[in-house]
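K.L.:
A single structure is presented below for examination.
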Amino acid sequence: MTKPNLRARNDRLTQILRLIGWTLVAALLITPAIAMRFTDEVQWTASDFVFAAVILIGAGGIAELAVRASGDWSYRLGSGLAVLAVVLLIWINGAVGIIGSEDHPANLLYLAVVAAAFIGGVASRFRPEGLSLAMVCAAVLQLLIGACAVLRGWGEGSENWPRPVIVLSVLFALIWLAAAGLFRRSARV
């Protein structure tokens, strides 16, 4: 396949993925509003919708910047995983919490993971080598917070303690490390 054909296919795929992404954001924002009309199980306030909109639209905007920053699919996928990790980490903490309930103050420590990824990205000027290192730092910090929570008994007495902290710490660390691997691969290209 010639380079112009490959580029056209790449551009078309990017457009399709953008459309899917923004449609997903809209669907995630509309679904609770629809569900509230049919069941009392879903009770979102205006602030819940604002929170969700800021998180999801912000994530979409960052994904758009990543697409423009590099045409390399490893870089784009790494960015997507990093954005997914941030969104899920904030969303889970805001909804139910990882350490105990959403009101447990130790959950605020997870903002340091988000900050480490973001500050590392800015410090590296969003170059893949630096982003790879920032993602590894985020993974290590994620695991350290989880380990401290378990060892210190933060959230003890909550349902299934300490399984959610352990499982989610490992799961998030794997997402961060997968993003790091993709950025490292992008740096080699």
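Simple scheme: letters A, B, ... for chains in structure tokens order, numbers from 1 for residues in each chain, numbers from 1 for ligands in the order shown.
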Do a neighbour search on segment 7-24 of chain A at 12 Å with only C-alpha atoms, toss out local chain neighbours closer than 5 positions, and write the hits as a PDB file with N, CA, C and O atoms, in the first residue's frame.
P.N.:
```pdb
ATOM      1  N   MET A   1       0.845  -1.174   0.000  1.00  0.00           N
ATOM      2  CA  MET A   1       0.000   0.000   0.000  1.00  0.00           C
ATOM      3  C   MET A   1       0.895   1.244   0.000  1.00  0.00           C
ATOM      4  O   MET A   1       1.889   1.295   0.710  1.00  0.00           O
ATOM      5  N   THR A   2       0.546   2.219  -0.785  1.00  0.00           N
ATOM      6  CA  THR A   2       1.360   3.432  -0.871  1.00  0.00           C
ATOM      7  C   THR A   2       1.137   4.294   0.363  1.00  0.00           C
ATOM      8  O   THR A   2       0.123   4.188   1.054  1.00  0.00           O
ATOM      9  N   LEU A  29     -23.225  10.646  29.584  1.00  0.00           N
ATOM     10  CA  LEU A  29     -23.855  11.781  30.261  1.00  0.00           C
ATOM     11  C   LEU A  29     -25.380  11.714  30.193  1.00  0.00           C
ATOM     12  O   LEU A  29     -26.064  12.172  31.107  1.00  0.00           O
ATOM     13  N   ILE A  30     -25.908  11.156  29.136  1.00  0.00           N
ATOM     14  CA  ILE A  30     -27.366  11.099  28.954  1.00  0.00           C
ATOM     15  C   ILE A  30     -27.989   9.914  29.702  1.00  0.00           C
ATOM     16  O   ILE A  30     -29.112  10.014  30.208  1.00  0.00           O
ATOM     17  N   THR A  31     -27.283   8.812  29.805  1.00  0.00           N
ATOM     18  CA  THR A  31     -27.835   7.585  30.387  1.00  0.00           C
ATOM     19  C   THR A  31     -28.412   7.778  31.787  1.00  0.00           C
ATOM     20  O   THR A  31     -29.535   7.335  32.050  1.00  0.00           O
ATOM     21  N   ALA A  53     -19.627  15.643  33.553  1.00  0.00           N
ATOM     22  CA  ALA A  53     -19.346  16.388  32.320  1.00  0.00           C
ATOM     23  C   ALA A  53     -17.908  16.904  32.308  1.00  0.00           C
ATOM     24  O   ALA A  53     -17.210  16.794  31.289  1.00  0.00           O
ATOM     25  N   LEU A  56     -15.554  13.778  31.855  1.00  0.00           N
ATOM     26  CA  LEU A  56     -15.632  13.120  30.546  1.00  0.00           C
ATOM     27  C   LEU A  56     -15.244  14.047  29.398  1.00  0.00           C
ATOM     28  O   LEU A  56     -14.516  13.637  28.491  1.00  0.00           O
ATOM     29  N   ILE A  57     -15.702  15.281  29.442  1.00  0.00           N
ATOM     30  CA  ILE A  57     -15.332  16.219  28.379  1.00  0.00           C
ATOM     31  C   ILE A  57     -13.848  16.571  28.484  1.00  0.00           C
ATOM     32  O   ILE A  57     -13.148  16.685  27.467  1.00  0.00           O
ATOM     33  N   GLY A  58     -13.350  16.696  29.713  1.00  0.00           N
ATOM     34  CA  GLY A  58     -11.917  16.928  29.907  1.00  0.00           C
ATOM     35  C   GLY A  58     -11.088  15.780  29.351  1.00  0.00           C
ATOM     36  O   GLY A  58     -10.072  15.990  28.673  1.00  0.00           O
ATOM     37  N   ALA A  59     -11.528  14.550  29.608  1.00  0.00           N
ATOM     38  CA  ALA A  59     -10.822  13.376  29.083  1.00  0.00           C
ATOM     39  C   ALA A  59     -10.854  13.367  27.563  1.00  0.00           C
ATOM     40  O   ALA A  59      -9.846  13.067  26.914  1.00  0.00           O
ATOM     41  N   GLY A  60     -12.001  13.714  26.993  1.00  0.00           N
ATOM     42  CA  GLY A  60     -12.105  13.780  25.532  1.00  0.00           C
ATOM     43  C   GLY A  60     -11.182  14.827  24.946  1.00  0.00           C
ATOM     44  O   GLY A  60     -10.545  14.611  23.912  1.00  0.00           O
ATOM     45  N   GLY A  61     -11.103  15.976  25.613  1.00  0.00           N
ATOM     46  CA  GLY A  61     -10.207  17.034  25.150  1.00  0.00           C
ATOM     47  C   GLY A  61      -8.748  16.617  25.200  1.00  0.00           C
ATOM     48  O   GLY A  61      -7.974  16.891  24.275  1.00  0.00           O
ATOM     49  N   ILE A  62      -8.376  15.924  26.262  1.00  0.00           N
ATOM     50  CA  ILE A  62      -6.994  15.437  26.373  1.00  0.00           C
ATOM     51  C   ILE A  62      -6.710  14.391  25.300  1.00  0.00           C
ATOM     52  O   ILE A  62      -5.625  14.377  24.705  1.00  0.00           O
ATOM     53  N   ALA A  63      -7.682  13.526  25.035  1.00  0.00           N
ATOM     54  CA  ALA A  63      -7.508  12.531  23.974  1.00  0.00           C
ATOM     55  C   ALA A  63      -7.326  13.214  22.617  1.00  0.00           C
ATOM     56  O   ALA A  63      -6.502  12.790  21.805  1.00  0.00           O
ATOM     57  N   GLU A  64      -8.078  14.287  22.379  1.00  0.00           N
ATOM     58  CA  GLU A  64      -7.925  15.051  21.131  1.00  0.00           C
ATOM     59  C   GLU A  64      -6.512  15.620  21.017  1.00  0.00           C
ATOM     60  O   GLU A  64      -5.896  15.588  19.946  1.00  0.00           O
ATOM     61  N   LEU A  65      -5.995  16.148  22.124  1.00  0.00           N
ATOM     62  CA  LEU A  65      -4.627  16.693  22.113  1.00  0.00           C
ATOM     63  C   LEU A  65      -3.602  15.598  21.824  1.00  0.00           C
ATOM     64  O   LEU A  65      -2.633  15.825  21.098  1.00  0.00           O
ATOM     65  N   ALA A  66      -3.815  14.415  22.379  1.00  0.00           N
ATOM     66  CA  ALA A  66      -2.890  13.297  22.148  1.00  0.00           C
ATOM     67  C   ALA A  66      -2.892  12.884  20.680  1.00  0.00           C
ATOM     68  O   ALA A  66      -1.840  12.575  20.115  1.00  0.00           O
ATOM     69  N   VAL A  67      -4.067  12.894  20.067  1.00  0.00           N
ATOM     70  CA  VAL A  67      -4.166  12.540  18.646  1.00  0.00           C
ATOM     71  C   VAL A  67      -3.386  13.544  17.804  1.00  0.00           C
ATOM     72  O   VAL A  67      -2.711  13.179  16.840  1.00  0.00           O
ATOM     73  N   ARG A  68      -3.459  14.795  18.185  1.00  0.00           N
ATOM     74  CA  ARG A  68      -2.742  15.835  17.438  1.00  0.00           C
ATOM     75  C   ARG A  68      -1.252  15.845  17.741  1.00  0.00           C
ATOM     76  O   ARG A  68      -0.448  16.278  16.922  1.00  0.00           O
ATOM     77  N   SER A  70       0.755  13.272  18.168  1.00  0.00           N
ATOM     78  CA  SER A  70       1.532  12.241  17.486  1.00  0.00           C
ATOM     79  C   SER A  70       0.620  11.399  16.598  1.00  0.00           C
ATOM     80  O   SER A  70      -0.505  11.085  16.973  1.00  0.00           O
ATOM     81  N   GLY A  71       1.156  11.021  15.455  1.00  0.00           N
ATOM     82  CA  GLY A  71       0.447  10.122  14.565  1.00  0.00           C
ATOM     83  C   GLY A  71       0.754   8.667  14.870  1.00  0.00           C
ATOM     84  O   GLY A  71       0.168   7.761  14.284  1.00  0.00           O
ATOM     85  N   ASP A  72       1.663   8.439  15.814  1.00  0.00           N
ATOM     86  CA  ASP A  72       2.061   7.084  16.177  1.00  0.00           C
ATOM     87  C   ASP A  72       0.979   6.439  17.038  1.00  0.00           C
ATOM     88  O   ASP A  72       0.572   6.999  18.063  1.00  0.00           O
ATOM     89  N   TRP A  73       0.511   5.262  16.631  1.00  0.00           N
ATOM     90  CA  TRP A  73      -0.582   4.613  17.343  1.00  0.00           C
ATOM     91  C   TRP A  73      -0.181   4.136  18.730  1.00  0.00           C
ATOM     92  O   TRP A  73      -1.018   4.076  19.637  1.00  0.00           O
ATOM     93  N   ARG A  76      -0.693   7.155  20.856  1.00  0.00           N
ATOM     94  CA  ARG A  76      -2.122   7.410  21.013  1.00  0.00           C
ATOM     95  C   ARG A  76      -2.773   6.417  21.978  1.00  0.00           C
ATOM     96  O   ARG A  76      -3.575   6.798  22.826  1.00  0.00           O
ATOM     97  N   LEU A  77      -2.430   5.137  21.837  1.00  0.00           N
ATOM     98  CA  LEU A  77      -2.989   4.127  22.738  1.00  0.00           C
ATOM     99  C   LEU A  77      -2.487   4.317  24.168  1.00  0.00           C
ATOM    100  O   LEU A  77      -3.251   4.145  25.127  1.00  0.00           O
ATOM    101  N   GLY A  80      -4.438   7.080  25.552  1.00  0.00           N
ATOM    102  CA  GLY A  80      -5.786   6.615  25.851  1.00  0.00           C
ATOM    103  C   GLY A  80      -5.853   5.835  27.158  1.00  0.00           C
ATOM    104  O   GLY A  80      -6.765   6.037  27.966  1.00  0.00           O
ATOM    105  N   LEU A  84      -7.804   6.940  30.475  1.00  0.00           N
ATOM    106  CA  LEU A  84      -8.756   6.000  31.064  1.00  0.00           C
ATOM    107  C   LEU A  84      -8.456   5.777  32.548  1.00  0.00           C
ATOM    108  O   LEU A  84      -9.368   5.776  33.387  1.00  0.00           O
TER     109      LEU A  84
END
```
K.L.:
Would you kindly return, as a list in words, each protein, DNA or RNA residue with an atom no farther than 6 Å from any atom of segment 91-102 of chain A, considering only C-alpha atoms and excluding same-chain residues fewer than 6 positions away?
P.N.:
Gly155, Ser158 and Val165 of chain A
K.L.:
For the structure I just gave you, how does DSSP split chain A - specifically, which residues are helix (DSSP H, G or I)? Reply as number ranges by chain.
P.N.:
A: 3-38, 46-69, 73-95, 105-123, 128-152, 163-188
K.L.:
Tell me, in Å to one decimal, how far atom CA of Leu177 of chain A is from atom CA of Phe118 of chain A.
P.N.:
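Separation between atom CA of Leu177 of chain A and atom CA of Phe118 of chain A: 15.1 Å.
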K.L.:
Which neighbours of Ala180 of chain A fall inside 8 Å, counting only C-alpha atoms, when residues of the same chain fewer than 3 positions from it are skipped, and could you give them as JSON, numbers by chain?
P.N.:
{"A": [78, 131, 132, 133, 134, 135, 136, 176, 177, 183, 184]}
K.L.:
Can you pull out every residue within 12 Å of Ala33 of chain A, counting only C-alpha atoms, but drop anything in the same chain fewer than 2 positions away, and send it as number ranges by chain?
P.N.:
A: 26-31, 35-46, 48-49, 52
K.L.:
Please save C-alpha atoms of the selected residues as an mmCIF file, in the first residue's frame.
P.N.:
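Okay, selection00.cif is ready:
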```cif
data_model
loop_
_atom_site.group_PDB
_atom_site.id
_atom_site.type_symbol
_atom_site.label_atom_id
_atom_site.label_comp_id
_atom_site.auth_asym_id
_atom_site.auth_seq_id
_atom_site.Cartn_x
_atom_site.Cartn_y
_atom_site.Cartn_z
ATOM 1 C CA ALA A 26 -22.575 11.921 25.243
ATOM 2 C CA ALA A 27 -24.126 8.508 25.992
ATOM 3 C CA LEU A 28 -22.464 8.345 29.407
ATOM 4 C CA LEU A 29 -23.855 11.781 30.261
ATOM 5 C CA ILE A 30 -27.366 11.099 28.954
ATOM 6 C CA THR A 31 -27.835 7.585 30.387
ATOM 7 C CA ALA A 35 -32.531 6.125 33.911
ATOM 8 C CA MET A 36 -33.802 8.647 36.470
ATOM 9 C CA ARG A 37 -37.089 8.858 34.562
ATOM 10 C CA PHE A 38 -37.696 5.119 34.879
ATOM 11 C CA THR A 39 -36.273 4.119 38.264
ATOM 12 C CA ASP A 40 -35.655 5.542 41.708
ATOM 13 C CA GLU A 41 -32.394 3.579 41.896
ATOM 14 C CA VAL A 42 -30.553 6.324 39.991
ATOM 15 C CA GLN A 43 -30.563 9.686 41.754
ATOM 16 C CA TRP A 44 -28.113 12.152 40.263
ATOM 17 C CA THR A 45 -28.010 15.786 41.327
ATOM 18 C CA ALA A 46 -27.039 18.711 39.124
ATOM 19 C CA ASP A 48 -23.237 14.924 39.735
ATOM 20 C CA PHE A 49 -23.929 15.819 36.104
ATOM 21 C CA ALA A 52 -19.350 13.825 35.132
#
```
K.L.:
From the options A:Pro128, A:Asp103, A:Val86, A:Leu182, which residue's atoms come nearest to Ala116 of chain A, counting only C-alpha atoms?
P.N.:
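Going through A:Pro128, A:Asp103, A:Val86, A:Leu182 one by one, the smallest distance to Ala116 of chain A is for A:Val86.
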K.L.:
Please provide the set of residues having any atom within 12 Å of Leu89 of chain A, restricted to only C-alpha atoms, with same-chain residues fewer than 5 positions apart removed, written as a PyMOL selection string.
P.N.:
chain A and resi 55+81-84+94-99+102+107-115+138+142+168-169+171-173+175-176
K.L.:
By how many Å are atom CA of Leu88 of chain A and atom CA of Ile34 of chain A apart?
P.N.:
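The value is 22.1 Å.
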K.L.:
Work out how far atom CA of Ile145 of chain A is from atom CA of Glu129 of chain A, in Å to one decimal.
P.N.:
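Calculated distance between atom CA of Glu129 of chain A and atom CA of Ile145 of chain A is 24.8 Å.
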